[in-house]
$ cat data.tsv   # TSV, C-alpha atoms
chain	number	residue	atom	x	y	z
A	1	MET	CA	48.22	0.00	31.37
A	2	PRO	CA	45.36	-1.01	33.70
A	3	ILE	CA	41.86	0.31	33.10
A	4	ARG	CA	41.32	3.33	35.35
A	5	LEU	CA	37.92	2.92	37.02
A	6	LEU	CA	35.69	5.23	39.07
A	7	VAL	CA	33.02	3.59	41.27
A	8	ALA	CA	30.09	5.65	42.59
A	9	ASP	CA	27.42	4.23	44.93
A	10	ASP	CA	25.84	5.80	48.00
A	11	GLU	CA	25.58	2.41	49.76
A	12	GLU	CA	28.95	2.13	51.46
A	13	LEU	CA	28.88	-1.64	51.94
A	14	THR	CA	28.05	-2.25	48.27
A	15	ARG	CA	30.60	0.29	47.07
A	16	THR	CA	33.51	-0.92	49.21
A	17	ALA	CA	32.81	-4.58	48.39
A	18	LEU	CA	32.70	-3.83	44.66
A	19	VAL	CA	35.89	-1.78	44.85
A	20	ALA	CA	37.68	-4.55	46.75
A	21	LEU	CA	36.62	-7.21	44.24
A	22	LEU	CA	37.42	-5.15	41.14
A	23	ASP	CA	40.79	-4.12	42.55
A	24	LEU	CA	41.75	-7.81	42.56
A	25	GLU	CA	41.65	-7.81	38.75
A	26	ASP	CA	45.15	-7.41	37.26
A	27	ASP	CA	43.98	-5.09	34.49
A	28	ILE	CA	41.64	-2.82	36.50
A	29	ARG	CA	42.65	-0.12	38.97
A	30	VAL	CA	40.03	1.82	40.97
A	31	VAL	CA	41.18	5.44	40.99
A	32	ALA	CA	38.14	7.01	42.68
A	33	GLU	CA	35.40	5.84	45.03
A	34	CYS	CA	32.42	8.21	45.42
A	35	PRO	CA	29.33	8.24	47.67
A	36	ASP	CA	27.16	10.44	45.42
A	37	GLY	CA	26.78	11.78	41.90
A	38	GLY	CA	28.20	15.21	42.66
A	39	THR	CA	31.51	13.90	43.95
A	40	ALA	CA	31.58	11.44	41.04
A	41	VAL	CA	31.49	14.30	38.53
A	42	ASP	CA	34.25	16.14	40.44
A	43	ALA	CA	36.39	12.99	40.74
A	44	ALA	CA	35.96	12.22	37.03
A	45	ALA	CA	37.22	15.71	36.14
A	46	ARG	CA	40.19	15.27	38.49
A	47	GLU	CA	41.15	11.63	37.86
A	48	ARG	CA	40.01	11.24	34.24
A	49	PRO	CA	39.07	7.55	34.58
A	50	ASP	CA	38.63	5.37	31.52
A	51	VAL	CA	35.33	3.97	32.84
A	52	ALA	CA	32.85	5.11	35.51
A	53	LEU	CA	30.62	2.52	37.19
A	54	LEU	CA	27.59	4.43	38.48
A	55	ASP	CA	24.71	3.46	40.72
A	56	LEU	CA	21.46	4.77	39.27
A	57	GLU	CA	19.99	6.00	42.55
A	58	MET	CA	22.38	8.38	44.33
A	59	PRO	CA	22.04	11.69	46.19
A	60	VAL	CA	22.94	15.04	44.59
A	61	LEU	CA	22.94	13.62	41.06
A	62	ASP	CA	21.72	10.19	39.97
A	63	GLY	CA	23.65	7.86	37.66
A	64	VAL	CA	21.87	9.12	34.54
A	65	GLY	CA	22.66	12.71	35.55
A	66	VAL	CA	26.34	11.81	35.92
A	67	CYS	CA	26.27	10.19	32.46
A	68	GLU	CA	24.88	13.42	31.03
A	69	ARG	CA	27.63	15.48	32.71
A	70	LEU	CA	30.35	13.13	31.42
A	71	ALA	CA	28.99	12.94	27.87
A	72	GLY	CA	31.66	14.15	25.48
A	73	SER	CA	34.49	13.34	27.91
A	74	PRO	CA	36.85	10.37	27.40
A	75	THR	CA	35.21	8.55	30.35
A	76	ARG	CA	32.78	5.82	29.30
A	77	THR	CA	29.93	5.08	31.68
A	78	ILE	CA	28.10	2.02	33.00
A	79	VAL	CA	24.87	2.36	35.02
A	80	VAL	CA	24.09	-0.24	37.70
A	81	THR	CA	20.61	-0.36	39.19
A	82	ARG	CA	18.14	-2.24	41.34
A	83	HIS	CA	15.34	-0.81	39.20
A	84	ALA	CA	16.17	-2.64	35.99
A	85	ARG	CA	13.21	-1.27	34.04
A	86	PRO	CA	13.17	-0.71	30.27
A	87	GLY	CA	12.29	2.98	30.64
A	88	VAL	CA	15.31	3.52	32.88
A	89	LEU	CA	17.45	1.73	30.30
A	90	ARG	CA	16.27	4.13	27.61
A	91	ARG	CA	17.05	7.13	29.82
A	92	ALA	CA	20.54	5.82	30.53
A	93	LEU	CA	21.34	5.10	26.88
A	94	ALA	CA	19.99	8.51	25.83
A	95	ALA	CA	22.32	10.09	28.43
A	96	GLY	CA	25.33	8.36	26.85
A	97	ALA	CA	25.77	5.24	29.01
A	98	SER	CA	27.72	2.45	27.32
A	99	GLY	CA	26.61	-0.25	29.75
A	100	PHE	CA	23.55	-1.09	31.82
A	101	LEU	CA	23.50	-3.79	34.52
A	102	PRO	CA	21.25	-4.93	37.36
A	103	LYS	CA	22.83	-4.83	40.84
A	104	SER	CA	22.48	-8.61	41.00
A	105	THR	CA	25.28	-8.99	38.41
A	106	PRO	CA	28.22	-11.05	39.78
A	107	ALA	CA	31.46	-9.10	40.30
A	108	GLN	CA	33.35	-11.14	37.69
A	109	GLN	CA	30.77	-10.28	35.06
A	110	VAL	CA	30.95	-6.61	36.09
A	111	ALA	CA	34.72	-6.76	35.47
A	112	ASP	CA	34.10	-8.28	32.03
A	113	VAL	CA	31.62	-5.51	31.18
A	114	VAL	CA	34.14	-2.87	32.31
A	115	ARG	CA	36.66	-4.40	29.88
A	116	ARG	CA	34.13	-4.52	27.06
A	117	VAL	CA	33.05	-0.90	27.56
A	118	HIS	CA	36.68	0.24	27.83
A	119	ALA	CA	37.32	-1.45	24.48
A	120	GLY	CA	34.62	0.73	22.90
A	121	ARG	CA	31.75	-1.73	22.90
A	122	ARG	CA	28.35	-1.54	24.61
A	123	PHE	CA	26.71	-3.96	27.00
A	124	VAL	CA	23.07	-4.16	28.07
A	125	ASP	CA	21.87	-6.95	30.31
A	126	PRO	CA	20.02	-9.36	27.95
A	127	ASP	CA	16.97	-9.76	30.21
A	128	ILE	CA	16.48	-5.99	30.44
A	129	ALA	CA	16.95	-5.64	26.69
A	130	ALA	CA	14.29	-8.32	26.09
A	131	MET	CA	11.88	-6.54	28.47
A	132	ALA	CA	12.46	-3.26	26.61
A	133	LEU	CA	11.20	-4.83	23.39
A	134	THR	CA	7.86	-5.77	24.95
A	135	GLU	CA	7.28	-2.86	27.33
A	136	ALA	CA	3.89	-1.18	27.22
A	137	ASP	CA	3.70	2.54	26.52
A	138	CYS	CA	3.64	5.01	29.41
A	139	PRO	CA	-0.01	5.39	30.56
A	140	LEU	CA	0.44	8.98	31.78
A	141	THR	CA	-0.09	12.21	29.86
A	142	ALA	CA	2.73	14.69	29.28
A	143	ARG	CA	1.28	17.08	31.88
A	144	GLU	CA	0.92	14.29	34.47
A	145	LEU	CA	4.57	13.45	33.89
A	146	ASP	CA	5.48	17.13	34.33
A	147	VAL	CA	3.82	17.36	37.74
A	148	LEU	CA	5.36	14.07	38.89
A	149	ARG	CA	8.78	15.23	37.72
A	150	ALA	CA	8.34	18.42	39.75
A	151	THR	CA	7.14	16.35	42.72
A	152	ARG	CA	10.46	14.48	42.71
A	153	SER	CA	12.24	17.71	43.70
A	154	GLY	CA	10.22	17.77	46.94
A	155	GLY	CA	8.21	20.92	46.40
A	156	THR	CA	4.68	21.63	47.64
A	157	VAL	CA	1.67	21.81	45.34
A	158	ALA	CA	2.11	25.60	45.36
A	159	ASP	CA	5.78	25.21	44.34
A	160	ILE	CA	4.85	22.83	41.52
A	161	ALA	CA	2.12	25.20	40.33
A	162	ALA	CA	4.56	28.12	40.25
A	163	GLU	CA	7.24	26.08	38.49
A	164	LEU	CA	4.85	24.84	35.78
A	165	HIS	CA	2.78	28.07	35.54
A	166	LEU	CA	-0.42	26.23	36.44
A	167	ALA	CA	-3.19	26.81	38.97
A	168	GLN	CA	-2.85	24.80	42.19
A	169	GLY	CA	-6.20	23.12	41.52
A	170	THR	CA	-4.99	22.03	38.09
A	171	VAL	CA	-1.85	20.57	39.63
A	172	ARG	CA	-3.96	18.65	42.16
A	173	ASN	CA	-6.13	17.29	39.34
A	174	TYR	CA	-3.09	16.07	37.38
A	175	LEU	CA	-1.60	14.51	40.51
A	176	SER	CA	-4.87	12.79	41.37
A	177	ALA	CA	-5.18	11.38	37.85
A	178	ALA	CA	-1.57	10.11	37.91
A	179	MET	CA	-2.05	8.53	41.34
A	180	THR	CA	-5.20	6.75	40.16
A	181	THR	CA	-3.51	5.48	36.99
A	182	LEU	CA	-0.50	4.19	38.93
A	183	ASP	CA	-2.55	2.91	41.88
A	184	ALA	CA	-0.42	5.03	44.23
A	185	ARG	CA	-1.55	6.29	47.64
A	186	THR	CA	0.48	9.53	47.56
A	187	ARG	CA	1.92	11.82	44.92
A	188	HIS	CA	5.42	10.94	46.13
A	189	GLU	CA	4.73	7.24	45.64
A	190	ALA	CA	3.39	7.99	42.14
A	191	ALA	CA	6.48	10.08	41.32
A	192	ARG	CA	8.79	7.34	42.55
A	193	ARG	CA	6.98	4.72	40.51
A	194	ALA	CA	7.18	6.88	37.37
A	195	TRP	CA	10.90	7.46	38.02
A	196	GLU	CA	11.57	3.75	38.53
A	197	GLU	CA	9.80	2.99	35.26
A	198	GLY	CA	12.01	5.55	33.50
A	199	TRP	CA	9.11	7.78	32.47
A	200	ILE	CA	10.47	10.88	34.20
$ encode --input "data.tsv" --output "structure tokens"
Amino acid sequence: MPIRLLVADDEELTRTALVALLDLEDDIRVVAECPDGGTAVDAAARERPDVALLDLEMPVLDGVGVCERLAGSPTRTIVVTRHARPGVLRRALAAGASGFLPKSTPAQQVADVVRRVHAGRRFVDPDIAAMALTEADCPLTARELDVLRATRSGGTVADIAAELHLAQGTVRNYLSAAMTTLDARTRHEAARRAWEEGWI
């Protein structure tokens, strides 16, 4: 029986090219192709794929979020990302991912990783694994991470203050400190940087 594969990526060109290449493999059959994390979760419940290949950065639900939703199901997950940072790797593994690859991985190697994960093994790109061993600790405080996490949802300072039960001035102070530490011009840039590093 071929390996039943779900592919989720919001970049249509990347997704369709990957699907076309993986469908050429005799032992892999793409059973679902999804443009975002929400439809990936729905398709996984419907199609019950053996393996899900998930882009990290997708609308509705990112790749790590999809891994969390599929944890405990028979579907094993692989996260593919442009932001191959050690912190993101830790988030993905904590969410139950069995594989972690940079988007620069050749299609043939992706197919090999799909086979390995389907067989019950794990695969982490060796360069990312080596970086994870030498990564410096997160320079932000827990509260700074909280306000940046809330910033990712797109709310105003008032929204963040209400969500975290803090005064608006306190939120501004935490945001300012995080922006200074990360050398970011805006709170959104700081939040994105923290997300890319895997800190939030």
$ closest_residue --input "data.tsv" --among "A:Arg91, A:Lys103, A:Arg115, A:Arg69" --to "A:Asp42" --atoms "all atoms listed in the file"
A:Arg69
$ closest_residue --input "data.tsv" --among "A:Ser98, A:Gln109, A:Ser176, A:Thr81" --to "A:Met58" --atoms "only C-alpha atoms"
A:Thr81
$ closest_residue --input "data.tsv" --among "A:Thr151, A:Gln168, A:Thr39, A:Ser104" --to "A:Thr186" --atoms "all atoms listed in the file"
A:Thr151
$ closest_residue --input "data.tsv" --among "A:Pro139, A:Gly198, A:Gly155, A:Pro126" --to "A:Met179" --atoms "only C-alpha atoms"
A:Pro139
$ closest_residue --input "data.tsv" --among "A:Cys34, A:Leu164, A:Ala158, A:Leu5" --to "A:Val114" --atoms "all atoms listed in the file"
A:Leu5
$ closest_residue --input "data.tsv" --among "A:Pro74, A:Gly65, A:Pro35, A:Gly87" --to "A:Arg48" --atoms "all atoms listed in the file"
A:Pro74
$ atom_distance --input "data.tsv" --atom1 "atom CA of A:Arg121" --atom2 "atom CA of A:Ala45"
22.6 Å
$ residues_around --input "data.tsv" --residues "A:Ala150" --least-positions-apart "4" --cutoff "8 Å" --atoms "all atoms listed in the file" --output "ChimeraX atom specification"
/A:146,154-155,160,163
$ atom_distance --input "data.tsv" --atom1 "atom CA of A:Glu68" --atom2 "atom CA of A:Ala97"
8.5 Å
$ residues_around --input "data.tsv" --residues "A:Gly72" --least-positions-apart "4" --cutoff "12 Å" --atoms "all atoms listed in the file" --output "PyMOL selection string"
chain A and resi 66-68+76-77+95-97
$ atom_distance --input "data.tsv" --atom1 "atom CA of A:Thr16" --atom2 "atom CA of A:Phe123"
23.4 Å
$ residues_around --input "data.tsv" --residues "A:Ser153" --least-positions-apart "5" --cutoff "10 Å" --atoms "all atoms listed in the file" --output "list in words"
Leu148, Asp159, Ile160, His188 and Ala191 of chain A
$ write_last_selection --input "data.tsv" --atoms "C-alpha atoms" --output "PDB file, keeping the file's coordinate frame"
ATOM      1  CA  LEU A 148       5.360  14.070  38.890  1.00  0.00           C
ATOM      2  CA  ASP A 159       5.780  25.210  44.340  1.00  0.00           C
ATOM      3  CA  ILE A 160       4.850  22.830  41.520  1.00  0.00           C
ATOM      4  CA  HIS A 188       5.420  10.940  46.130  1.00  0.00           C
ATOM      5  CA  ALA A 191       6.480  10.080  41.320  1.00  0.00           C
TER       6      ALA A 191
END
$ build_atoms --input "data.tsv" --residues "stretch 65-79 of chain A" --atoms "N, CA and C atoms" --output "PDB file, keeping the file's coordinate frame"
ATOM      1  N   GLY A  65      22.172  11.328  35.527  1.00  0.00           N
ATOM      2  CA  GLY A  65      22.660  12.710  35.550  1.00  0.00           C
ATOM      3  C   GLY A  65      24.167  12.782  35.405  1.00  0.00           C
ATOM      4  N   VAL A  66      24.877  11.851  36.051  1.00  0.00           N
ATOM      5  CA  VAL A  66      26.340  11.810  35.920  1.00  0.00           C
ATOM      6  C   VAL A  66      26.721  11.470  34.480  1.00  0.00           C
ATOM      7  N   CYS A  67      26.016  10.521  33.874  1.00  0.00           N
ATOM      8  CA  CYS A  67      26.270  10.190  32.460  1.00  0.00           C
ATOM      9  C   CYS A  67      26.137  11.430  31.579  1.00  0.00           C
ATOM     10  N   GLU A  68      25.094  12.210  31.831  1.00  0.00           N
ATOM     11  CA  GLU A  68      24.880  13.420  31.030  1.00  0.00           C
ATOM     12  C   GLU A  68      26.032  14.399  31.207  1.00  0.00           C
ATOM     13  N   ARG A  69      26.519  14.547  32.446  1.00  0.00           N
ATOM     14  CA  ARG A  69      27.630  15.480  32.710  1.00  0.00           C
ATOM     15  C   ARG A  69      28.934  15.006  32.061  1.00  0.00           C
ATOM     16  N   LEU A  70      29.096  13.672  31.970  1.00  0.00           N
ATOM     17  CA  LEU A  70      30.350  13.130  31.420  1.00  0.00           C
ATOM     18  C   LEU A  70      30.286  12.903  29.912  1.00  0.00           C
ATOM     19  N   ALA A  71      29.120  13.118  29.323  1.00  0.00           N
ATOM     20  CA  ALA A  71      28.990  12.940  27.870  1.00  0.00           C
ATOM     21  C   ALA A  71      29.965  13.876  27.159  1.00  0.00           C
ATOM     22  N   GLY A  72      30.669  13.339  26.200  1.00  0.00           N
ATOM     23  CA  GLY A  72      31.660  14.150  25.480  1.00  0.00           C
ATOM     24  C   GLY A  72      33.046  14.067  26.086  1.00  0.00           C
ATOM     25  N   SER A  73      33.169  13.519  27.298  1.00  0.00           N
ATOM     26  CA  SER A  73      34.490  13.340  27.910  1.00  0.00           C
ATOM     27  C   SER A  73      35.025  11.962  27.509  1.00  0.00           C
ATOM     28  N   PRO A  74      36.302  11.694  27.754  1.00  0.00           N
ATOM     29  CA  PRO A  74      36.850  10.370  27.400  1.00  0.00           C
ATOM     30  C   PRO A  74      36.323   9.241  28.290  1.00  0.00           C
ATOM     31  N   THR A  75      35.695   9.575  29.417  1.00  0.00           N
ATOM     32  CA  THR A  75      35.210   8.550  30.350  1.00  0.00           C
ATOM     33  C   THR A  75      33.936   7.902  29.821  1.00  0.00           C
ATOM     34  N   ARG A  76      33.970   6.582  29.699  1.00  0.00           N
ATOM     35  CA  ARG A  76      32.780   5.820  29.300  1.00  0.00           C
ATOM     36  C   ARG A  76      32.039   5.384  30.554  1.00  0.00           C
ATOM     37  N   THR A  77      30.720   5.299  30.464  1.00  0.00           N
ATOM     38  CA  THR A  77      29.930   5.080  31.680  1.00  0.00           C
ATOM     39  C   THR A  77      29.095   3.797  31.618  1.00  0.00           C
ATOM     40  N   ILE A  78      28.944   3.199  32.812  1.00  0.00           N
ATOM     41  CA  ILE A  78      28.100   2.020  33.000  1.00  0.00           C
ATOM     42  C   ILE A  78      27.152   2.335  34.157  1.00  0.00           C
ATOM     43  N   VAL A  79      25.856   2.125  33.968  1.00  0.00           N
ATOM     44  CA  VAL A  79      24.870   2.360  35.020  1.00  0.00           C
ATOM     45  C   VAL A  79      24.473   1.011  35.625  1.00  0.00           C
TER      46      VAL A  79
END
